[in-house]
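Below is one structure, written out as structure tokens; comments come after it.
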Amino acid sequence: MASFPDCVNENDLDKAKFIGELLVPVAPFDQKSGREAWTVAFAPNGSYFAWSQGHRIVRLIPWNKCLKSFSLSAGEEGTNPTSPRHLSRQNSDGGVTIPLADEPREHTIDCGDIVWGLAFGSSVPEKQSRCVNIEWHRFKFGQDQLLLATGLNNGRIKIWDVYSGKLLLNLMDHTDVVRDLTFAPDGSLMLVSASRDKTLRVWDLKDDGNMVKVLRGHQNWVHCSSFSPDSSILCSVGAGKAVFIWNMDKFTLIRKLEGHHNDVVSCEFSPDGALLATASYDTRVIVWDHHKATILLELGHLFPPPSPIFAGGANDRWVRSVSFCPDGRHIASITDDRFVRFWSIEERAPQAIASLSNGLCCAFSAEGSVLAAGTRDGSVHFWEAPRSIASLQHMCRMALRRVLTTQQVEALAIPTPLQDYLTYRVI
């Protein structure tokens, strides 16, 4: 068994450029808490980076500060080969850095229990709460509001103000681990939580965190959920082979996507909402047309491809996480074979790779130039994402697919080759 097909020589693949890492404190912590970095996240406006560094702790760091630290370390490396290229967090349990006025502040947040899920949410004041009959609210969210939601081992969800580091809300309704969190991208502060209690719960933070709906349908743990860019559709995946697609205007199940042979653990929509990427323990990432419930692309991580029986077990190539680049053309995946892979949707072989032991999660920065990956030891590693100039055709396709479904494209009176291109049947 190999990590790459016979036609691909691992030594010929481009190596992604490593730019830095964030390390956990060396001071001892409560051993009852895990040290895994289960989630990493970038703020939608690119201002902050957050990760669960284990031991109940979440770190909030201004993203520009990270980049400057990595650049400085890289410069020091040029003059001193022994200089480490990382930003050490050895003083994060007690050290205080005094920022300049108006400079984003760095925060260390003790959430009180193991942190499994993280999500940033930003407010748009004009976006009204769905509970329109309620005139009084405890919180008034302004134009510059940025929140961080944390999902905990005890089933609670805590909402924090990113700029001050203060706790705003404590949401309690799940009966098991909150594995994942996702905010609606439309600025409504609608939050969806995925839990091991087999449910997804929808919360309206503009209505003081009241729970709007419970989405039931999963027969086992729910691992991950993701909103489409227009916030109208939600994808959820879990300890089962099916991918669930939900209508978030009516809170109803639209369809299930069948094709994986093992638990599905990660999902994310493309920036135009036309594609959906899902990662599974069956060694594959599948790129779907979720409107038509069809598979457009399979990205394998084990060759020759395993039989469904072998893929459905412990195959040493479990795909842990998948992330869509904001350019709509690249995908990153984290796998148990100690590789980070950067894929192009135009190819079936990785465009670039990087070495990573015990990787658990990944996310692209807001502008898509950097990939962050969390590991079992609580550290985070960063690489430059592959860079290429998108064609005008691709940019036009993305602009069109942001407003048209596959069925609407197929109804257009256009030539078949153009229709195939717009629907991603021809990448």
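Each chain in the structure tokens gets a letter, A, B, ..., in the order shown, and its residues are numbered from 1; ligands are numbered from 1 in order too.
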Name the residues in contact with range 109-119 of chain A at a cut-off of 10 Å, using only C-alpha atoms, excluding same-chain residues fewer than 4 positions from it; report them as an MDAnalysis selection string. chainID A and resid 32:44 50:60 93 147:160 165:167 177:183 191:195 223:224
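Note that DSSP on the backbone gives helix (DSSP H, G or I) to these residues of range 113-333 of chain A: Leu205, Lys206, Asp207, Pro308, Ile309, Phe310 and Ala311 of chain A.
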Counting only C-alpha atoms, what is within 6 Å of Ile286 in chain A, bar same-chain residues fewer than 2 positions away, as a PyMOL selection string? chain A and resi 277-278+297-298
I need the residues from that last selection saved to file as a PDB file, in the first residue's frame (with all heavy atoms), if you can.
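As written to disk, result_31.pdb reads:
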```
ATOM      1  N   ALA A 277     -16.744  19.542  -0.295  1.00  0.00           N
ATOM      2  CA  ALA A 277     -15.680  18.569  -0.040  1.00  0.00           C
ATOM      3  C   ALA A 277     -15.929  17.885   1.293  1.00  0.00           C
ATOM      4  O   ALA A 277     -16.204  18.553   2.293  1.00  0.00           O
ATOM      5  CB  ALA A 277     -14.313  19.245  -0.048  1.00  0.00           C
ATOM      6  N   THR A 278     -15.838  16.548   1.311  1.00  0.00           N
ATOM      7  CA  THR A 278     -15.998  15.781   2.542  1.00  0.00           C
ATOM      8  C   THR A 278     -14.819  14.837   2.713  1.00  0.00           C
ATOM      9  O   THR A 278     -14.332  14.254   1.746  1.00  0.00           O
ATOM     10  CB  THR A 278     -17.306  14.970   2.532  1.00  0.00           C
ATOM     11  OG1 THR A 278     -17.324  14.100   1.388  1.00  0.00           O
ATOM     12  CG2 THR A 278     -18.519  15.888   2.485  1.00  0.00           C
ATOM     13  N   LEU A 297     -15.414  14.381  -8.063  1.00  0.00           N
ATOM     14  CA  LEU A 297     -13.979  14.125  -7.947  1.00  0.00           C
ATOM     15  C   LEU A 297     -13.708  13.317  -6.693  1.00  0.00           C
ATOM     16  O   LEU A 297     -14.312  13.577  -5.634  1.00  0.00           O
ATOM     17  CB  LEU A 297     -13.220  15.457  -7.904  1.00  0.00           C
ATOM     18  CG  LEU A 297     -11.698  15.440  -7.888  1.00  0.00           C
ATOM     19  CD1 LEU A 297     -11.146  14.844  -9.180  1.00  0.00           C
ATOM     20  CD2 LEU A 297     -11.168  16.869  -7.700  1.00  0.00           C
ATOM     21  N   GLU A 298     -12.836  12.333  -6.791  1.00  0.00           N
ATOM     22  CA  GLU A 298     -12.375  11.575  -5.632  1.00  0.00           C
ATOM     23  C   GLU A 298     -10.869  11.758  -5.496  1.00  0.00           C
ATOM     24  O   GLU A 298     -10.127  11.508  -6.447  1.00  0.00           O
ATOM     25  CB  GLU A 298     -12.709  10.085  -5.785  1.00  0.00           C
ATOM     26  CG  GLU A 298     -14.191   9.765  -5.742  1.00  0.00           C
ATOM     27  CD  GLU A 298     -14.453   8.264  -5.729  1.00  0.00           C
ATOM     28  OE1 GLU A 298     -13.541   7.518  -5.303  1.00  0.00           O
ATOM     29  OE2 GLU A 298     -15.548   7.846  -6.141  1.00  0.00           O
TER      30      GLU A 298
END
```
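Closest approach to Ser266 in chain A among A:Val124, A:Ala242, A:Ile414, A:Ala349 is made by A:Ala242 (distances from only C-alpha atoms).
If you look at CA of Ile61 in chain A and CA of Pro229 in chain A, they are 25.3 Å away from each other.
When CA of His261 in chain A is paired with CA of Ala311 in chain A, their separation reads 6.3 Å.
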For Gln219 in chain A, the nearest of the candidates A:Leu200, A:Ile233, A:Asp144, A:Asp207, counting only C-alpha atoms: A:Leu200
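Taking only C-alpha atoms into account, Val214 in chain A lies nearest to A:Met248 out of the set A:Arg105, A:Ser231, A:Ala184, A:Met248.
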Any idea what's packed within 6 Å of Val265 in chain A, counting only C-alpha atoms, ignoring anything in its chain fewer than 2 positions away? Could you give it as a ChimeraX atom specification? /A:223,238,279-280
Take the residues just selected and output them with C-alpha atoms as a short mmCIF file (atom, residue, chain, number, x, y, z; two decimals), in the first residue's frame.
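Listed below is the output, selection_23.cif:
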```
data_model
loop_
_atom_site.label_atom_id
_atom_site.label_comp_id
_atom_site.auth_asym_id
_atom_site.auth_seq_id
_atom_site.Cartn_x
_atom_site.Cartn_y
_atom_site.Cartn_z
CA HIS A 223 -18.44 15.31 13.85
CA GLY A 238 -20.64 12.18 11.49
CA ALA A 279 -13.23 13.82 4.26
CA SER A 280 -13.65 10.29 5.54
#
```
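Residue nearest Asp289 in chain A, chosen from A:Thr406, A:Trp221, A:Ser71, A:Asn170 and counting only C-alpha atoms: A:Thr406.
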List as a PDB file with N, CA and C atoms, in the first residue's frame the protein and nucleic acid residues near range 332-347 of chain A, meaning an atom at most 10 Å away when only C-alpha atoms are counted, but skip any in the same chain fewer than 6 places from it.
```
ATOM      1  N   ALA A   2       0.479   2.242  -0.786  1.00  0.00           N
ATOM      2  CA  ALA A   2       1.271   3.460  -0.917  1.00  0.00           C
ATOM      3  C   ALA A   2       0.385   4.681  -0.723  1.00  0.00           C
ATOM      4  N   SER A   3       1.027   5.803  -0.396  1.00  0.00           N
ATOM      5  CA  SER A   3       0.299   7.047  -0.187  1.00  0.00           C
ATOM      6  C   SER A   3       0.016   7.783  -1.483  1.00  0.00           C
ATOM      7  N   ASP A  14       6.064  18.918  -5.388  1.00  0.00           N
ATOM      8  CA  ASP A  14       6.530  20.140  -4.742  1.00  0.00           C
ATOM      9  C   ASP A  14       6.351  20.020  -3.232  1.00  0.00           C
ATOM     10  N   LYS A  15       7.287  20.592  -2.493  1.00  0.00           N
ATOM     11  CA  LYS A  15       7.193  20.614  -1.040  1.00  0.00           C
ATOM     12  C   LYS A  15       6.668  21.987  -0.605  1.00  0.00           C
ATOM     13  N   ALA A  16       5.562  21.979   0.121  1.00  0.00           N
ATOM     14  CA  ALA A  16       4.989  23.238   0.584  1.00  0.00           C
ATOM     15  C   ALA A  16       5.975  23.941   1.509  1.00  0.00           C
ATOM     16  N   SER A 266     -15.184  15.449   8.248  1.00  0.00           N
ATOM     17  CA  SER A 266     -14.943  16.860   7.958  1.00  0.00           C
ATOM     18  C   SER A 266     -15.656  17.231   6.665  1.00  0.00           C
ATOM     19  N   THR A 278     -15.838  16.548   1.311  1.00  0.00           N
ATOM     20  CA  THR A 278     -15.998  15.781   2.542  1.00  0.00           C
ATOM     21  C   THR A 278     -14.819  14.837   2.713  1.00  0.00           C
ATOM     22  N   ALA A 279     -14.361  14.689   3.935  1.00  0.00           N
ATOM     23  CA  ALA A 279     -13.227  13.820   4.257  1.00  0.00           C
ATOM     24  C   ALA A 279     -13.706  12.672   5.122  1.00  0.00           C
ATOM     25  N   SER A 280     -13.170  11.478   4.848  1.00  0.00           N
ATOM     26  CA  SER A 280     -13.650  10.286   5.544  1.00  0.00           C
ATOM     27  C   SER A 280     -12.499   9.388   5.968  1.00  0.00           C
ATOM     28  N   TYR A 281     -12.792   8.547   6.941  1.00  0.00           N
ATOM     29  CA  TYR A 281     -11.843   7.518   7.346  1.00  0.00           C
ATOM     30  C   TYR A 281     -11.661   6.455   6.267  1.00  0.00           C
ATOM     31  N   THR A 283     -10.249   6.809   3.573  1.00  0.00           N
ATOM     32  CA  THR A 283      -9.020   7.227   2.879  1.00  0.00           C
ATOM     33  C   THR A 283      -9.281   8.204   1.733  1.00  0.00           C
ATOM     34  N   ARG A 284     -10.495   8.722   1.600  1.00  0.00           N
ATOM     35  CA  ARG A 284     -10.802   9.585   0.462  1.00  0.00           C
ATOM     36  C   ARG A 284     -11.356  10.930   0.889  1.00  0.00           C
ATOM     37  N   VAL A 285     -11.100  11.914   0.038  1.00  0.00           N
ATOM     38  CA  VAL A 285     -11.848  13.167   0.035  1.00  0.00           C
ATOM     39  C   VAL A 285     -12.713  13.142  -1.214  1.00  0.00           C
ATOM     40  N   VAL A 287     -15.336  15.276  -3.638  1.00  0.00           N
ATOM     41  CA  VAL A 287     -15.874  16.580  -4.022  1.00  0.00           C
ATOM     42  C   VAL A 287     -17.205  16.328  -4.719  1.00  0.00           C
ATOM     43  N   LEU A 296     -18.175  14.434  -8.178  1.00  0.00           N
ATOM     44  CA  LEU A 296     -17.419  15.037  -9.273  1.00  0.00           C
ATOM     45  C   LEU A 296     -15.957  14.624  -9.261  1.00  0.00           C
ATOM     46  N   LEU A 297     -15.414  14.381  -8.063  1.00  0.00           N
ATOM     47  CA  LEU A 297     -13.979  14.125  -7.947  1.00  0.00           C
ATOM     48  C   LEU A 297     -13.708  13.317  -6.693  1.00  0.00           C
ATOM     49  N   GLU A 298     -12.836  12.333  -6.791  1.00  0.00           N
ATOM     50  CA  GLU A 298     -12.375  11.575  -5.632  1.00  0.00           C
ATOM     51  C   GLU A 298     -10.869  11.758  -5.496  1.00  0.00           C
ATOM     52  N   LEU A 299     -10.447  12.177  -4.318  1.00  0.00           N
ATOM     53  CA  LEU A 299      -9.031  12.380  -4.033  1.00  0.00           C
ATOM     54  C   LEU A 299      -8.574  11.275  -3.089  1.00  0.00           C
ATOM     55  N   HIS A 301      -6.029   8.753  -0.901  1.00  0.00           N
ATOM     56  CA  HIS A 301      -4.849   8.860  -0.045  1.00  0.00           C
ATOM     57  C   HIS A 301      -4.194   7.511   0.211  1.00  0.00           C
ATOM     58  N   LEU A 302      -4.675   6.458  -0.475  1.00  0.00           N
ATOM     59  CA  LEU A 302      -4.117   5.118  -0.328  1.00  0.00           C
ATOM     60  C   LEU A 302      -4.234   4.399  -1.670  1.00  0.00           C
ATOM     61  N   ASN A 315      -7.469   1.595   8.610  1.00  0.00           N
ATOM     62  CA  ASN A 315      -6.623   1.370   7.445  1.00  0.00           C
ATOM     63  C   ASN A 315      -5.339   2.192   7.452  1.00  0.00           C
ATOM     64  N   ASP A 316      -5.059   2.904   8.545  1.00  0.00           N
ATOM     65  CA  ASP A 316      -3.833   3.695   8.706  1.00  0.00           C
ATOM     66  C   ASP A 316      -3.747   4.879   7.746  1.00  0.00           C
ATOM     67  N   ARG A 317      -4.812   5.209   7.047  1.00  0.00           N
ATOM     68  CA  ARG A 317      -4.809   6.358   6.159  1.00  0.00           C
ATOM     69  C   ARG A 317      -6.051   7.217   6.380  1.00  0.00           C
ATOM     70  N   TRP A 318      -6.577   7.213   7.587  1.00  0.00           N
ATOM     71  CA  TRP A 318      -7.762   8.010   7.874  1.00  0.00           C
ATOM     72  C   TRP A 318      -7.513   9.476   7.518  1.00  0.00           C
ATOM     73  N   VAL A 319      -8.424  10.047   6.766  1.00  0.00           N
ATOM     74  CA  VAL A 319      -8.350  11.479   6.476  1.00  0.00           C
ATOM     75  C   VAL A 319      -9.027  12.210   7.631  1.00  0.00           C
ATOM     76  N   ARG A 320      -8.299  13.091   8.278  1.00  0.00           N
ATOM     77  CA  ARG A 320      -8.787  13.756   9.483  1.00  0.00           C
ATOM     78  C   ARG A 320      -9.520  15.065   9.212  1.00  0.00           C
ATOM     79  N   SER A 321      -9.103  15.774   8.166  1.00  0.00           N
ATOM     80  CA  SER A 321      -9.660  17.108   7.950  1.00  0.00           C
ATOM     81  C   SER A 321      -9.500  17.512   6.498  1.00  0.00           C
ATOM     82  N   VAL A 322     -10.417  18.363   6.027  1.00  0.00           N
ATOM     83  CA  VAL A 322     -10.337  18.915   4.680  1.00  0.00           C
ATOM     84  C   VAL A 322     -10.723  20.382   4.741  1.00  0.00           C
ATOM     85  N   SER A 323     -10.096  21.189   3.890  1.00  0.00           N
ATOM     86  CA  SER A 323     -10.393  22.617   3.866  1.00  0.00           C
ATOM     87  C   SER A 323     -10.321  23.131   2.440  1.00  0.00           C
ATOM     88  N   PHE A 324     -11.290  23.959   2.058  1.00  0.00           N
ATOM     89  CA  PHE A 324     -11.328  24.570   0.736  1.00  0.00           C
ATOM     90  C   PHE A 324     -10.616  25.915   0.798  1.00  0.00           C
ATOM     91  N   CYS A 325      -9.719  26.156  -0.141  1.00  0.00           N
ATOM     92  CA  CYS A 325      -9.027  27.441  -0.212  1.00  0.00           C
ATOM     93  C   CYS A 325     -10.002  28.511  -0.709  1.00  0.00           C
ATOM     94  N   ILE A 353       3.031  18.751  -1.141  1.00  0.00           N
ATOM     95  CA  ILE A 353       2.873  18.001   0.103  1.00  0.00           C
ATOM     96  C   ILE A 353       3.769  18.605   1.178  1.00  0.00           C
ATOM     97  N   ALA A 354       3.479  18.250   2.423  1.00  0.00           N
ATOM     98  CA  ALA A 354       4.319  18.647   3.555  1.00  0.00           C
ATOM     99  C   ALA A 354       4.223  17.548   4.607  1.00  0.00           C
ATOM    100  N   SER A 355       5.270  17.414   5.400  1.00  0.00           N
ATOM    101  CA  SER A 355       5.285  16.391   6.447  1.00  0.00           C
ATOM    102  C   SER A 355       4.650  16.928   7.716  1.00  0.00           C
ATOM    103  N   LEU A 356       3.805  16.113   8.340  1.00  0.00           N
ATOM    104  CA  LEU A 356       3.164  16.497   9.599  1.00  0.00           C
ATOM    105  C   LEU A 356       2.769  15.238  10.352  1.00  0.00           C
ATOM    106  N   SER A 357       3.308  15.102  11.555  1.00  0.00           N
ATOM    107  CA  SER A 357       2.956  13.954  12.395  1.00  0.00           C
ATOM    108  C   SER A 357       1.759  14.289  13.274  1.00  0.00           C
ATOM    109  N   ASN A 358       0.853  13.352  13.379  1.00  0.00           N
ATOM    110  CA  ASN A 358      -0.290  13.468  14.284  1.00  0.00           C
ATOM    111  C   ASN A 358      -1.172  14.678  14.001  1.00  0.00           C
ATOM    112  N   GLY A 359      -1.362  15.003  12.722  1.00  0.00           N
ATOM    113  CA  GLY A 359      -2.234  16.116  12.367  1.00  0.00           C
ATOM    114  C   GLY A 359      -3.694  15.788  12.631  1.00  0.00           C
ATOM    115  N   LEU A 360      -4.454  16.805  13.036  1.00  0.00           N
ATOM    116  CA  LEU A 360      -5.864  16.600  13.376  1.00  0.00           C
ATOM    117  C   LEU A 360      -6.820  17.501  12.593  1.00  0.00           C
ATOM    118  N   CYS A 361      -6.398  18.710  12.277  1.00  0.00           N
ATOM    119  CA  CYS A 361      -7.321  19.674  11.687  1.00  0.00           C
ATOM    120  C   CYS A 361      -6.541  20.667  10.845  1.00  0.00           C
ATOM    121  N   CYS A 362      -7.241  21.366   9.951  1.00  0.00           N
ATOM    122  CA  CYS A 362      -6.578  22.376   9.134  1.00  0.00           C
ATOM    123  C   CYS A 362      -7.576  23.446   8.718  1.00  0.00           C
ATOM    124  N   ALA A 363      -7.044  24.615   8.374  1.00  0.00           N
ATOM    125  CA  ALA A 363      -7.879  25.725   7.908  1.00  0.00           C
ATOM    126  C   ALA A 363      -7.007  26.694   7.131  1.00  0.00           C
ATOM    127  N   PHE A 364      -7.566  27.253   6.062  1.00  0.00           N
ATOM    128  CA  PHE A 364      -6.880  28.286   5.302  1.00  0.00           C
ATOM    129  C   PHE A 364      -7.141  29.652   5.936  1.00  0.00           C
ATOM    130  N   LEU A 371      -1.923  27.945   5.149  1.00  0.00           N
ATOM    131  CA  LEU A 371      -2.677  26.847   5.752  1.00  0.00           C
ATOM    132  C   LEU A 371      -2.151  26.597   7.154  1.00  0.00           C
ATOM    133  N   ALA A 373      -2.390  23.982  10.534  1.00  0.00           N
ATOM    134  CA  ALA A 373      -2.765  22.615  10.887  1.00  0.00           C
ATOM    135  C   ALA A 373      -2.466  22.369  12.358  1.00  0.00           C
ATOM    136  N   GLY A 374      -3.457  21.854  13.090  1.00  0.00           N
ATOM    137  CA  GLY A 374      -3.289  21.522  14.495  1.00  0.00           C
ATOM    138  C   GLY A 374      -2.914  20.071  14.678  1.00  0.00           C
ATOM    139  N   TRP A 383       1.976  26.627   6.647  1.00  0.00           N
ATOM    140  CA  TRP A 383       2.651  26.543   5.347  1.00  0.00           C
ATOM    141  C   TRP A 383       2.051  27.563   4.381  1.00  0.00           C
ATOM    142  N   ALA A 385       0.341  28.398   1.053  1.00  0.00           N
ATOM    143  CA  ALA A 385      -0.523  27.667   0.133  1.00  0.00           C
ATOM    144  C   ALA A 385      -0.003  27.829  -1.298  1.00  0.00           C
ATOM    145  N   PRO A 386      -0.274  26.846  -2.155  1.00  0.00           N
ATOM    146  CA  PRO A 386       0.143  26.984  -3.559  1.00  0.00           C
ATOM    147  C   PRO A 386      -0.443  28.248  -4.175  1.00  0.00           C
ATOM    148  N   TYR A 424     -19.014  22.289 -13.261  1.00  0.00           N
ATOM    149  CA  TYR A 424     -17.808  21.616 -12.763  1.00  0.00           C
ATOM    150  C   TYR A 424     -17.724  20.158 -13.224  1.00  0.00           C
ATOM    151  N   VAL A 426     -16.742  19.481 -16.099  1.00  0.00           N
ATOM    152  CA  VAL A 426     -15.416  19.668 -16.709  1.00  0.00           C
ATOM    153  C   VAL A 426     -14.728  20.747 -15.903  1.00  0.00           C
ATOM    154  N   ILE A 427     -13.675  20.381 -15.188  1.00  0.00           N
ATOM    155  CA  ILE A 427     -13.032  21.318 -14.278  1.00  0.00           C
ATOM    156  C   ILE A 427     -12.191  22.322 -15.064  1.00  0.00           C
TER     157      ILE A 427
END
```
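CA of Pro185 in chain A is positioned 7.8 Å from CA of Gly121 in chain A.
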